[in-house]
Structures are given as structure tokens and as C-alpha cells.
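Read through the structure below, which is laid out as C-alpha cells, and then see the notes.
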Amino acid sequence: MLLISCPNCGSRDETEFHYGGQAHVAYPENPHELTDREWAEFLFYRDNTKGSFAERWLHSTGCRQWFNMLRDTVTYDIQAVYPMGTPRPDAAGQRTADTGTASTAADSTTTGSAAPDISGTSTSATSISSTPAPEGATK
Ligand SMILES: [Zn+2]
């Protein structure tokens, strides 16, 4: 059970919140210019990070406000809580990302084909608009 610190209400039990998926997934600038594959990747493809991960949360039974949270997906350690629309706090992210990659090196088979997407940092939306057909997604 997580104890999540809502920026508006303070520390509350995890059951008061709803998970909102990966944070910082930008809406495409010209969605009508995307191919079906690019649009599907924007809608459905998300990073599966082992380690520090930026995600959205909704305090559904409290203030009903969305916020971002930086959480380690291995240790469940909450590293930062920050408002929507603000950039990911890199200081904490960089430090924990180093430990995350070190731990994944031992069992890199678990990451599988998701590894190329992770190496392109967390700006998956920009990679969609710049590369017409990412090599990681073959379908
Ligand atoms: Zn709240």
C-alpha cells in the first residue's frame, strides 16, 4: 500500500487515488497528418520502464485534481510529486535512472523489445512525429 502525498491534500492512502498512466505524453501537433500506425502508437504504446518512471495520478476521492508523480517501479519509492504541465524533475530522475539501468543490466532479457524505446528517453511523442516507422514496433 502506497502513502501518496497529494499536493493539495497531503498524505493519503493509495485507495483514494487512480492511476493515470505515463506522464508527459504530448498530443501530436497535427494528428490528421499521422499514419494509422503513428496514431496507434500515440494512443496505445507506452514506456515500460524498470526504475524511475513519471506517471499521472488523480486524487479521485479527495480534491479530484490530477498531478504527476515520479515513482520507482521496482522499489515503489515515490521520488517527487509535481503539478501537471511542469517538466519532470531531472535531478531525482537522473540519479535513480542510473541505479535502474545498473539493475536492468543483470537481467536485460526481461525488457525485451522495449529496450530501444527506453534508450530514446521518455519523449515518445517526439519520436513518433520525427520517425515515420519506429523499428521497435513491428506489427
Ligand atoms: Zn488531493
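Please note that chains go A, B, ... in the order of the C-alpha cells, that every chain numbers its residues from 1, and that ligands are numbered from 1 in the order shown.
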At most 10 Å from ligand 1 (only C-alpha atoms and all ligand atoms): residue list as a list in words: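 Listed by chain and ascending number, the contacts are Ile4, Ser5, Cys6, Pro7, Asn8, Cys9, Gly10, Ser11, Arg12, Glu16, Phe17, Leu58, His59, Ser60, Thr61, Gly62, Cys63, Arg64, Gln65, Trp66 and Phe67 of chain A.
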Counting only C-alpha atoms, the residue of A:Phe53, A:Tyr27, A:Phe44, A:Tyr19 that sits nearest A:Pro89: A:Phe53
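Closest approach to A:Arg88 from the set A:His24, A:Glu41, A:Thr35, A:Arg71 is made by A:His24, with distances taken over only C-alpha atoms.
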Who sits within 12 Å of A:Ala23, only C-alpha atoms, same chain under 4 positions skipped, as a ChimeraX atom specification: /A:19,27,46-47,53-58,66-71,81-88,122-125
